[in-house]
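Enquirer: Sharing upload38.txt below, compact mmCIF, C-alpha atoms:
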# COMPACT_ATOMS: atom_id res chain seq x y z
CA MET A 779 46.73 -2.72 47.80
CA SER A 780 44.93 0.30 49.25
CA LEU A 781 46.69 2.73 51.61
CA ARG A 782 44.40 1.58 54.42
CA SER A 783 45.25 -2.08 53.79
CA ALA A 784 48.95 -1.25 53.60
CA ARG A 785 48.77 0.51 56.95
CA ARG A 786 46.89 -2.41 58.52
CA GLN A 787 49.54 -4.76 57.19
CA ALA A 788 52.35 -2.58 58.49
CA MET A 789 50.74 -2.34 61.92
CA ALA A 790 50.37 -6.13 61.98
CA ALA A 791 54.07 -6.34 61.22
CA ALA A 792 54.82 -3.89 64.01
CA ALA A 793 52.88 -6.10 66.40
CA LEU A 794 55.18 -9.00 65.51
CA LEU A 795 58.11 -7.04 66.90
CA CYS A 796 56.40 -6.97 70.27
CA GLY A 797 56.92 -10.72 70.67
CA VAL A 798 60.69 -10.34 70.79
CA THR A 799 62.91 -9.61 73.78
CA LEU A 800 65.12 -6.84 72.43
CA GLN A 801 68.53 -5.33 73.11
CA PRO A 802 71.06 -3.17 71.23
CA SER A 803 72.46 -5.20 68.34
CA TRP A 804 75.08 -7.71 69.21
CA ALA A 805 78.16 -9.06 65.13
CA VAL A 806 78.10 -10.67 61.87
CA MET A 807 77.82 -14.33 62.85
CA ALA A 808 78.95 -17.38 60.91
CA GLY A 809 76.96 -20.55 60.44
CA ALA A 810 77.88 -23.91 61.92
CA ALA A 811 81.22 -25.54 61.04
CA PRO A 812 82.71 -25.87 58.47
CA ASP A 813 81.72 -22.20 58.09
CA SER A 814 83.72 -19.95 60.43
CA PRO A 815 84.11 -16.33 61.56
CA ALA A 816 87.34 -16.17 59.53
CA ALA A 817 85.45 -17.15 56.38
CA ARG A 818 83.20 -14.08 56.79
CA VAL A 819 86.06 -11.52 56.99
CA ASP A 820 86.18 -8.90 54.22
CA ALA A 821 89.65 -7.80 53.11
CA ASN A 822 90.79 -4.30 54.04
CA ALA A 823 91.42 -3.23 50.45
CA ALA A 824 90.56 -0.35 48.15
CA THR A 825 88.93 -2.88 45.80
CA SER A 826 86.37 -4.01 48.39
CA LEU A 827 82.75 -3.00 47.85
CA TRP A 828 82.62 -2.47 51.62
CA ARG A 829 85.59 -0.11 52.05
CA GLY A 830 83.17 2.63 53.18
CA VAL A 831 81.89 0.57 56.12
CA VAL A 832 83.78 1.80 59.18
CA SER A 833 84.35 1.00 62.83
CA VAL A 834 83.42 3.58 65.45
CA GLN A 835 85.27 3.61 68.75
CA THR A 836 83.86 5.39 71.79
CA PRO A 837 84.64 5.03 75.50
CA ALA A 838 81.87 2.41 75.53
CA GLY A 839 83.59 0.16 73.00
CA VAL A 840 83.80 -0.67 69.30
CA PHE A 841 80.75 -0.28 67.04
CA SER A 842 80.01 0.01 63.34
CA GLY A 843 79.10 2.80 60.92
CA VAL A 844 78.81 3.65 57.24
CA ALA A 845 80.21 6.60 55.32
CA VAL A 846 77.39 8.54 53.65
CA GLY A 847 79.46 11.52 52.53
CA ARG A 848 83.00 12.83 52.46
CA ARG A 849 82.65 14.14 56.04
CA HIS A 850 79.78 12.08 57.47
CA VAL A 851 79.32 8.63 58.96
CA LEU A 852 75.93 7.16 59.85
CA THR A 853 75.65 4.98 62.94
CA ALA A 854 73.07 3.98 65.54
CA ALA A 855 72.17 6.73 68.02
CA HIS A 856 72.53 4.39 71.00
CA VAL A 857 76.22 3.98 70.12
CA LEU A 858 76.49 7.51 71.57
CA ASP A 859 74.12 7.00 74.51
CA THR A 860 76.86 7.85 77.00
CA SER A 861 77.12 11.30 75.33
CA PRO A 862 80.89 11.10 74.81
CA ALA A 863 82.80 14.24 73.92
CA PRO A 864 83.39 14.36 70.14
CA ALA A 865 87.14 14.17 70.87
CA ASP A 866 86.50 10.72 72.38
CA VAL A 867 84.88 9.38 69.20
CA VAL A 868 87.20 7.95 66.54
CA VAL A 869 86.23 6.49 63.16
CA PHE A 870 88.50 3.88 61.55
CA PHE A 871 88.53 3.53 57.77
CA ASN A 872 89.88 0.17 56.60
CA ALA A 873 90.22 0.75 52.85
CA SER A 874 93.81 -0.52 52.95
CA PRO A 875 95.84 -2.87 55.16
CA VAL A 876 96.75 0.14 57.32
CA ALA A 877 93.72 1.71 59.02
CA VAL A 878 93.17 5.46 58.89
CA ALA A 879 91.74 6.99 62.06
CA VAL A 880 89.67 10.17 61.70
CA GLY A 881 88.32 12.09 64.65
CA ALA A 882 84.82 13.46 65.13
CA ALA A 883 84.07 17.17 65.05
CA ARG A 884 80.51 16.67 66.32
CA TYR A 885 77.61 14.26 66.11
CA THR A 886 73.86 14.67 65.68
CA ARG A 887 71.29 12.19 66.94
CA HIS A 888 67.90 11.96 65.24
CA PRO A 889 65.65 14.51 67.01
CA ALA A 890 63.02 11.85 67.83
CA TYR A 891 65.53 9.54 69.51
CA VAL A 892 65.33 9.70 73.31
CA GLY A 893 66.90 6.36 74.24
CA PHE A 894 67.09 2.77 73.07
CA GLY A 895 63.53 1.45 72.72
CA VAL A 896 62.06 4.56 74.40
CA PRO A 897 59.25 4.55 73.44
CA THR A 898 60.07 2.90 70.11
CA LEU A 899 62.99 1.18 68.43
CA ALA A 900 62.65 3.63 65.54
CA ASN A 901 64.75 6.80 65.08
CA ASP A 902 67.91 5.08 66.39
CA LEU A 903 70.23 6.98 64.06
CA ALA A 904 73.08 9.45 64.44
CA LEU A 905 75.39 11.27 62.03
CA ILE A 906 79.04 11.75 62.96
CA GLU A 907 80.70 14.71 61.28
CA LEU A 908 84.42 14.06 60.75
CA VAL A 909 87.20 16.57 61.37
CA ALA A 910 88.57 15.85 57.89
CA ASP A 911 87.45 14.25 54.64
CA ARG A 912 87.29 10.47 54.59
CA PRO A 913 90.36 8.81 52.98
CA SER A 914 90.32 8.87 49.20
CA ALA A 915 90.70 5.07 49.06
CA SER A 916 87.42 4.74 50.92
CA THR A 917 83.96 5.44 49.54
CA SER A 918 80.53 6.61 50.65
CA TYR A 919 77.18 5.06 49.86
CA ALA A 920 73.95 6.32 48.40
CA ILE A 921 70.89 5.94 50.61
CA ALA A 922 67.80 4.23 49.23
CA THR A 923 64.90 6.67 49.02
CA LEU A 924 62.44 3.83 48.40
CA PRO A 925 61.86 1.24 51.16
CA PRO A 926 62.56 -2.42 50.41
CA ILE A 927 59.79 -4.99 50.35
CA ALA A 928 59.46 -7.82 52.83
CA GLY A 929 61.48 -10.79 51.67
CA THR A 930 64.29 -8.73 50.12
CA THR A 931 67.70 -10.31 50.61
CA VAL A 932 70.27 -7.86 51.97
CA THR A 933 74.01 -7.89 52.65
CA VAL A 934 75.10 -7.05 56.20
CA VAL A 935 78.56 -5.58 56.90
CA GLY A 936 79.85 -4.72 60.37
CA TYR A 937 82.67 -4.83 62.91
CA GLY A 938 80.99 -6.74 65.70
CA ALA A 939 81.93 -9.94 67.46
CA SER A 940 81.44 -13.28 65.75
CA GLY A 941 81.17 -17.00 66.29
CA HIS A 942 79.20 -20.04 65.11
CA GLY A 943 75.43 -20.00 64.91
CA ASP A 944 75.10 -23.29 66.76
CA ILE A 945 77.40 -22.17 69.60
CA GLY A 946 77.29 -18.38 69.92
CA VAL A 947 79.83 -15.58 70.20
CA SER A 948 83.47 -16.64 70.55
CA VAL A 949 85.46 -13.93 68.69
CA ALA A 950 85.72 -10.37 70.02
CA ARG A 951 84.85 -7.28 68.02
CA SER A 952 87.70 -5.29 66.49
CA THR A 953 88.22 -1.87 64.91
CA SER A 954 90.04 -3.50 61.98
CA VAL A 955 88.02 -6.63 61.16
CA LYS A 956 84.76 -6.32 59.25
CA ARG A 957 82.61 -9.26 58.34
CA ILE A 958 79.89 -9.84 55.79
CA GLY A 959 76.83 -12.04 55.56
CA ALA A 960 73.24 -11.90 54.35
CA ASN A 961 69.69 -12.28 55.56
CA ALA A 962 66.18 -11.54 54.35
CA LEU A 963 63.98 -8.74 55.66
CA ASP A 964 61.23 -10.89 57.13
CA VAL A 965 59.20 -8.09 58.70
CA LEU A 966 58.82 -4.40 57.89
CA ALA A 967 57.06 -2.17 60.42
CA ALA A 968 55.59 1.30 59.94
CA ASP A 969 54.83 4.21 62.24
CA ALA A 970 51.36 5.69 62.80
CA GLU A 971 51.66 7.68 59.56
CA GLY A 972 52.41 4.56 57.54
CA VAL A 973 56.11 5.35 57.02
CA ILE A 974 58.18 2.15 57.13
CA ARG A 975 60.77 2.63 59.88
CA LEU A 976 61.98 -0.80 61.02
CA PHE A 977 62.97 -4.19 59.66
CA GLN A 978 63.43 -7.52 61.41
CA TRP A 979 64.84 -10.92 60.46
CA ASP A 980 65.47 -14.27 62.10
CA PHE A 981 68.74 -16.21 61.98
CA ASP A 982 67.66 -19.42 60.30
CA GLY A 983 69.67 -22.52 61.08
CA PRO A 984 69.58 -25.95 59.47
CA THR A 985 66.24 -27.04 60.95
CA ALA A 986 62.70 -25.68 61.10
CA ALA A 987 63.06 -25.28 64.88
CA THR A 988 65.17 -22.14 64.26
CA ASN A 989 62.72 -20.61 61.78
CA PHE A 990 60.52 -18.01 63.47
CA ARG A 991 59.96 -15.62 60.54
CA GLY A 992 59.65 -16.69 56.91
CA GLY A 993 62.23 -19.14 55.70
CA PRO A 994 64.19 -21.16 54.89
CA THR A 995 67.85 -20.29 55.51
CA LEU A 996 69.90 -18.58 52.79
CA GLY A 997 72.54 -21.22 53.47
CA ASN A 998 74.95 -22.10 56.26
CA GLY A 999 77.79 -20.12 54.66
CA VAL A 1000 75.63 -17.09 53.84
CA GLU A 1001 72.94 -16.37 56.44
CA THR A 1002 73.97 -14.19 59.37
CA THR A 1003 72.73 -12.10 62.24
CA LEU A 1004 74.12 -9.46 64.61
CA ALA A 1005 76.40 -9.56 67.66
CA ALA A 1006 78.10 -7.05 70.00
CA GLY A 1007 79.56 -4.17 68.00
CA ASP A 1008 77.26 -4.45 64.99
CA SER A 1009 75.11 -1.52 66.06
CA GLY A 1010 75.50 0.81 63.09
CA ALA A 1011 76.37 -1.96 60.62
CA GLY A 1012 75.35 -1.35 57.02
CA VAL A 1013 72.43 -3.25 55.48
CA PHE A 1014 72.72 -3.10 51.69
CA GLN A 1015 70.79 -3.91 48.56
CA ILE A 1016 72.84 -4.43 45.40
CA VAL A 1017 71.41 -2.39 42.51
CA SER A 1018 73.02 -2.97 39.11
CA GLY A 1019 76.16 -4.15 40.90
CA VAL A 1020 76.31 -1.10 43.17
CA PRO A 1021 75.73 -1.31 46.96
CA VAL A 1022 72.87 0.93 48.07
CA LEU A 1023 72.38 1.55 51.78
CA ALA A 1024 68.85 0.38 52.60
CA GLY A 1025 69.10 0.00 56.38
CA LEU A 1026 71.21 0.24 59.49
CA ALA A 1027 71.47 -2.52 62.10
CA SER A 1028 70.43 -1.45 65.59
CA PHE A 1029 68.89 -4.27 67.64
CA SER A 1030 68.84 -8.00 68.27
CA GLY A 1031 66.84 -10.24 70.53
CA ALA A 1032 65.07 -13.50 71.28
CA PHE A 1033 61.69 -14.77 70.15
CA ALA A 1034 59.20 -16.03 72.71
CA GLY A 1035 59.97 -19.70 73.19
CA GLY A 1036 63.20 -19.44 71.22
CA PRO A 1037 66.89 -19.45 72.19
CA SER A 1038 68.28 -16.39 73.95
CA GLY A 1039 72.04 -16.75 73.46
CA GLN A 1040 73.85 -14.00 71.59
CA GLY A 1041 74.02 -14.68 67.86
CA VAL A 1042 72.69 -18.24 67.90
CA PHE A 1043 70.37 -19.80 65.34
CA GLY A 1044 66.77 -18.88 66.03
CA THR A 1045 67.41 -15.37 67.38
CA ALA A 1046 66.25 -12.06 65.91
CA GLY A 1047 67.99 -9.02 64.46
CA GLY A 1048 66.87 -5.79 62.90
CA GLY A 1049 67.25 -2.07 62.51
CA GLN A 1050 66.24 1.11 60.76
CA VAL A 1051 64.82 1.37 57.22
CA LEU A 1052 66.63 4.43 55.85
CA ALA A 1053 64.21 5.54 53.14
CA GLY A 1054 62.08 7.19 55.81
CA TYR A 1055 65.10 9.11 57.13
CA ALA A 1056 66.75 10.15 53.83
CA THR A 1057 65.51 13.74 54.08
CA TRP A 1058 66.81 14.15 57.64
CA ILE A 1059 70.20 12.72 56.67
CA ARG A 1060 70.43 15.03 53.65
CA ASP A 1061 69.43 18.08 55.69
CA VAL A 1062 72.00 17.42 58.45
CA ILE A 1063 74.75 16.98 55.90
CA ALA A 1064 73.72 20.11 54.01
CA ALA A 1065 73.60 22.19 57.21
CA SER A 1066 77.16 21.14 58.07
CA GLY A 1067 78.59 22.96 55.07
CA HIS A 1068 80.21 19.74 53.85
CA ALA A 1069 77.52 18.55 51.47
CA ASP A 1070 78.55 16.11 48.76
CA PRO A 1071 77.60 16.25 45.10
CA VAL A 1072 73.94 15.43 44.54
CA GLU A 1073 74.78 12.00 43.13
CA ASP A 1074 76.35 10.94 46.43
CA VAL A 1075 73.46 11.66 48.82
CA PRO A 1076 70.70 10.59 48.55
CA LEU A 1077 70.13 7.87 45.97
CA PRO A 1078 70.99 8.86 42.39
CA GLY A 1079 68.19 8.97 39.85
CA TRP A 1080 69.37 5.92 37.92
CA ALA A 1081 69.28 3.83 41.08
CA VAL A 1082 65.81 5.08 42.01
CA LEU A 1083 64.61 3.80 38.64
CA ALA A 1084 66.43 0.49 39.11
CA LEU A 1085 64.92 0.03 42.56
CA ALA A 1086 61.46 0.86 41.26
CA VAL A 1087 61.82 -1.76 38.54
CA ALA A 1088 63.11 -4.28 41.06
CA MET A 1089 60.19 -3.63 43.40
CA ALA A 1090 57.72 -4.01 40.56
CA GLY A 1091 59.32 -7.36 39.82
CA ARG A 1092 59.23 -8.43 43.48
CA LEU A 1093 62.99 -8.34 44.04
CA THR A 1094 64.17 -11.53 45.76
CA TRP A 1095 60.59 -12.16 46.95
CA ARG A 1096 61.34 -14.95 49.41
CA ARG A 1097 59.45 -14.02 52.54
CA ARG A 1098 56.30 -12.00 53.09
CA VAL A 1099 55.28 -9.61 55.79
CA ALA A 1100 52.50 -11.15 57.88
CA SER A 1101 49.06 -9.76 57.07
CA GLY A 1102 46.53 -9.10 59.78
What do you get writing this file as structure tokens?
Expert:
Amino acid sequence: MSLRSARRQAMAAAALLCGVTLQPSWAVMAGAAPDSPAARVDANAATSLWRGVVSVQTPAGVFSGVAVGRRHVLTAAHVLDTSPAPADVVVFFNASPVAVAVGAARYTRHPAYVGFGVPTLANDLALIELVADRPSASTSYAIATLPPIAGTTVTVVGYGASGHGDIGVSVARSTSVKRIGANALDVLAADAEGVIRLFQWDFDGPTAATNFRGGPTLGNGVETTLAAGDSGAGVFQIVSGVPVLAGLASFSGAFAGGPSGQGVFGTAGGGQVLAGYATWIRDVIAASGHADPVEDVPLPGWAVLALAVAMAGRLTWRRRVASG
């Protein structure tokens, strides 16, 4: 595909986002019964792959984040839209049954972020610098420096509310309960320079009536979407058994003609594609004086090669971005 064709395709994908009524991302939802919110809970243990996914508490409520270094947590910029004092921001690490709370020294929003959806959903990222190193039982994640392809299946991990996809939200968000699920990146959208910035999915239910993008469902006990508190949730690809941070959840919404309830089948979710922001993330961490070893941020060389091979092989090629 030529660069011009790729840009046309990406702009067509961006246009698809315009057909969705959007809002900051609402939790990891369960499917219909017999699946349940409880079945999606990930244990707070040092053996969990997701022990580096954290909850972020501000005066506005509980949100999600992901450790990307020994002193840094990545979250959505709109989580900090009320401009709280750093002393009012607390990060909870749940790498053991007893949570460890670590305060914030400062936070840095992406310089192009000026407000949720103003004028774009892109750039909705912020780095929280901690007052101390993350707990040793926790972990941090490498950031993908190559964007995923449309149709890639990803794992979503966050601390938001939950409920059943056929009913909606019924369980409140919590600083100590993280949930997991999966979805496919139905749409990837690029900026004017052709850099892929955003992804979007739909929450497929058991019938075609809930399928607005690609399809079909990954399964009632697997497919998920976002609910209140999942802003900042991690969106991961698994590369050679290792979680690699490919995106960050930041918005949800309703398709034209589709249901509008929070977290119900047939609604939309999405967020930031991190490959386009890897340099900014690395530079902020380096400027803090708390940079990690090179293998921690960004993506290590072996994983770059693995991702390149996976892309060449059309990794989990289930859904395609719409062409113009």
Enquirer: Of the candidates A:Ala811, A:Ala873, A:Leu976, A:Ala1032, which shows the shortest atom-to-atom distance to Thr917 in chain A, using all atoms listed in the file?
Expert: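 Nearest candidate to Thr917 in chain A out of A:Ala811, A:Ala873, A:Leu976, A:Ala1032: A:Ala873.
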Enquirer: Quote the spacing between CA of Ala1024 in chain A and CA of Val932 in chain A in Å to one decimal place.
Expert: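 Here the two named atoms are 8.4 Å from each other.
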Enquirer: I'd like the neighbourhood of Ala865 in chain A as number ranges by chain, where a residue qualifies if any of its atoms comes within 12 Å (using only C-alpha atoms), though same-chain residues fewer than 2 positions away should be ignored.
Expert: A: 835-837, 861-863, 867-869, 880-885, 906-909
Enquirer: With distances taken over only C-alpha atoms, which residue among A:Asp911, A:Asp1008, A:Asp969, A:Glu1001 lies nearest Lys956 in chain A?
Expert: A:Asp1008
Enquirer: Rounded to one decimal, what separation in Å do you get between CA of Gly1035 in chain A and CA of Ala900 in chain A?
Expert: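 Computing the Euclidean distance for CA of Gly1035 in chain A and CA of Ala900 in chain A yields 24.7 Å.
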Enquirer: Suppose you want the space between CA of Gly938 in chain A and CA of Ala950 in chain A; what is it in Å?
Expert: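 About the pair CA of Gly938 in chain A and CA of Ala950 in chain A: they are 7.4 Å apart.
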Enquirer: Extract, using all atoms listed in the file, all DNA, RNA and protein residues at most 7 Å from range 889-896 of chain A, discarding same-chain residues fewer than 4 positions from it, and format them as a list in words.
Expert: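 Near range 889-896 of chain A, the qualifying residues are His856, Asn901 and Asp902 of chain A.
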Enquirer: Generate the output file for the selected residues, C-alpha atoms, as a PDB file, in the coordinates of the input.
Expert:
ATOM      1  CA  HIS A 856      72.530   4.390  71.000  1.00  0.00           C
ATOM      2  CA  ASN A 901      64.750   6.800  65.080  1.00  0.00           C
ATOM      3  CA  ASP A 902      67.910   5.080  66.390  1.00  0.00           C
TER       4      ASP A 902
END
Enquirer: Of the candidates A:Ser826, A:Thr1057, A:Gln978, A:Ser874, which shows the shortest atom-to-atom distance to Ile921 in chain A, using all atoms listed in the file?
Expert: A:Thr1057
Enquirer: With all atoms listed in the file as the counted atoms, please give the residues lying no more than 12 Å from Val844 in chain A, apart from itself and same-chain residues fewer than 5 positions off, as a PDB file with C-alpha atoms, keeping the file's coordinate frame.
Expert:
ATOM      1  CA  TRP A 828      82.620  -2.470  51.620  1.00  0.00           C
ATOM      2  CA  ARG A 829      85.590  -0.110  52.050  1.00  0.00           C
ATOM      3  CA  GLY A 830      83.170   2.630  53.180  1.00  0.00           C
ATOM      4  CA  VAL A 831      81.890   0.570  56.120  1.00  0.00           C
ATOM      5  CA  VAL A 832      83.780   1.800  59.180  1.00  0.00           C
ATOM      6  CA  SER A 833      84.350   1.000  62.830  1.00  0.00           C
ATOM      7  CA  VAL A 834      83.420   3.580  65.450  1.00  0.00           C
ATOM      8  CA  ARG A 849      82.650  14.140  56.040  1.00  0.00           C
ATOM      9  CA  HIS A 850      79.780  12.080  57.470  1.00  0.00           C
ATOM     10  CA  VAL A 851      79.320   8.630  58.960  1.00  0.00           C
ATOM     11  CA  LEU A 852      75.930   7.160  59.850  1.00  0.00           C
ATOM     12  CA  THR A 853      75.650   4.980  62.940  1.00  0.00           C
ATOM     13  CA  ALA A 854      73.070   3.980  65.540  1.00  0.00           C
ATOM     14  CA  VAL A 869      86.230   6.490  63.160  1.00  0.00           C
ATOM     15  CA  PHE A 870      88.500   3.880  61.550  1.00  0.00           C
ATOM     16  CA  PHE A 871      88.530   3.530  57.770  1.00  0.00           C
ATOM     17  CA  ASN A 872      89.880   0.170  56.600  1.00  0.00           C
ATOM     18  CA  LEU A 903      70.230   6.980  64.060  1.00  0.00           C
ATOM     19  CA  ALA A 904      73.080   9.450  64.440  1.00  0.00           C
ATOM     20  CA  LEU A 905      75.390  11.270  62.030  1.00  0.00           C
ATOM     21  CA  ILE A 906      79.040  11.750  62.960  1.00  0.00           C
ATOM     22  CA  GLU A 907      80.700  14.710  61.280  1.00  0.00           C
ATOM     23  CA  ARG A 912      87.290  10.470  54.590  1.00  0.00           C
ATOM     24  CA  SER A 916      87.420   4.740  50.920  1.00  0.00           C
ATOM     25  CA  THR A 917      83.960   5.440  49.540  1.00  0.00           C
ATOM     26  CA  SER A 918      80.530   6.610  50.650  1.00  0.00           C
ATOM     27  CA  TYR A 919      77.180   5.060  49.860  1.00  0.00           C
ATOM     28  CA  ALA A 920      73.950   6.320  48.400  1.00  0.00           C
ATOM     29  CA  ILE A 921      70.890   5.940  50.610  1.00  0.00           C
ATOM     30  CA  VAL A 934      75.100  -7.050  56.200  1.00  0.00           C
ATOM     31  CA  VAL A 935      78.560  -5.580  56.900  1.00  0.00           C
ATOM     32  CA  GLY A 936      79.850  -4.720  60.370  1.00  0.00           C
ATOM     33  CA  TYR A 937      82.670  -4.830  62.910  1.00  0.00           C
ATOM     34  CA  LYS A 956      84.760  -6.320  59.250  1.00  0.00           C
ATOM     35  CA  ASP A1008      77.260  -4.450  64.990  1.00  0.00           C
ATOM     36  CA  SER A1009      75.110  -1.520  66.060  1.00  0.00           C
ATOM     37  CA  GLY A1010      75.500   0.810  63.090  1.00  0.00           C
ATOM     38  CA  ALA A1011      76.370  -1.960  60.620  1.00  0.00           C
ATOM     39  CA  GLY A1012      75.350  -1.350  57.020  1.00  0.00           C
ATOM     40  CA  VAL A1013      72.430  -3.250  55.480  1.00  0.00           C
ATOM     41  CA  PHE A1014      72.720  -3.100  51.690  1.00  0.00           C
ATOM     42  CA  PRO A1021      75.730  -1.310  46.960  1.00  0.00           C
ATOM     43  CA  VAL A1022      72.870   0.930  48.070  1.00  0.00           C
ATOM     44  CA  LEU A1023      72.380   1.550  51.780  1.00  0.00           C
ATOM     45  CA  ALA A1024      68.850   0.380  52.600  1.00  0.00           C
ATOM     46  CA  GLY A1025      69.100   0.000  56.380  1.00  0.00           C
ATOM     47  CA  LEU A1026      71.210   0.240  59.490  1.00  0.00           C
ATOM     48  CA  ALA A1027      71.470  -2.520  62.100  1.00  0.00           C
TER      49      ALA A1027
END
Enquirer: Using all atoms of range 905-917 of chain A listed in the file and a margin of 4 Å per side, can you give the axis-aligned box centre and edge lengths in Å to one decimal, as AutoDock Vina command-line options?
Expert:
--center_x 83.0 --center_y 10.7 --center_z 56.0 --size_x 23.3 --size_y 19.8 --size_z 21.9
Enquirer: For each of A:Val876, A:Ile927, A:Leu996, A:Val947, take the minimum atom-to-atom distance to Asp964 in chain A, counting all atoms listed in the file, then give the residue where this is smallest.
Expert: A:Ile927
Enquirer: Given all atoms listed in the file as the basis, pick out the residue of A:Pro815, A:Pro925, A:Pro984, A:Gly847 nearest to Ser1066 in chain A.
Expert: A:Gly847
Enquirer: Which is closest to Ala1005 in chain A among A:Ala939, A:Ala817, A:Val846, A:Ala879, if we use only C-alpha atoms?
Expert: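 That would be A:Ala939, the residue with the smallest distance to Ala1005 in chain A.
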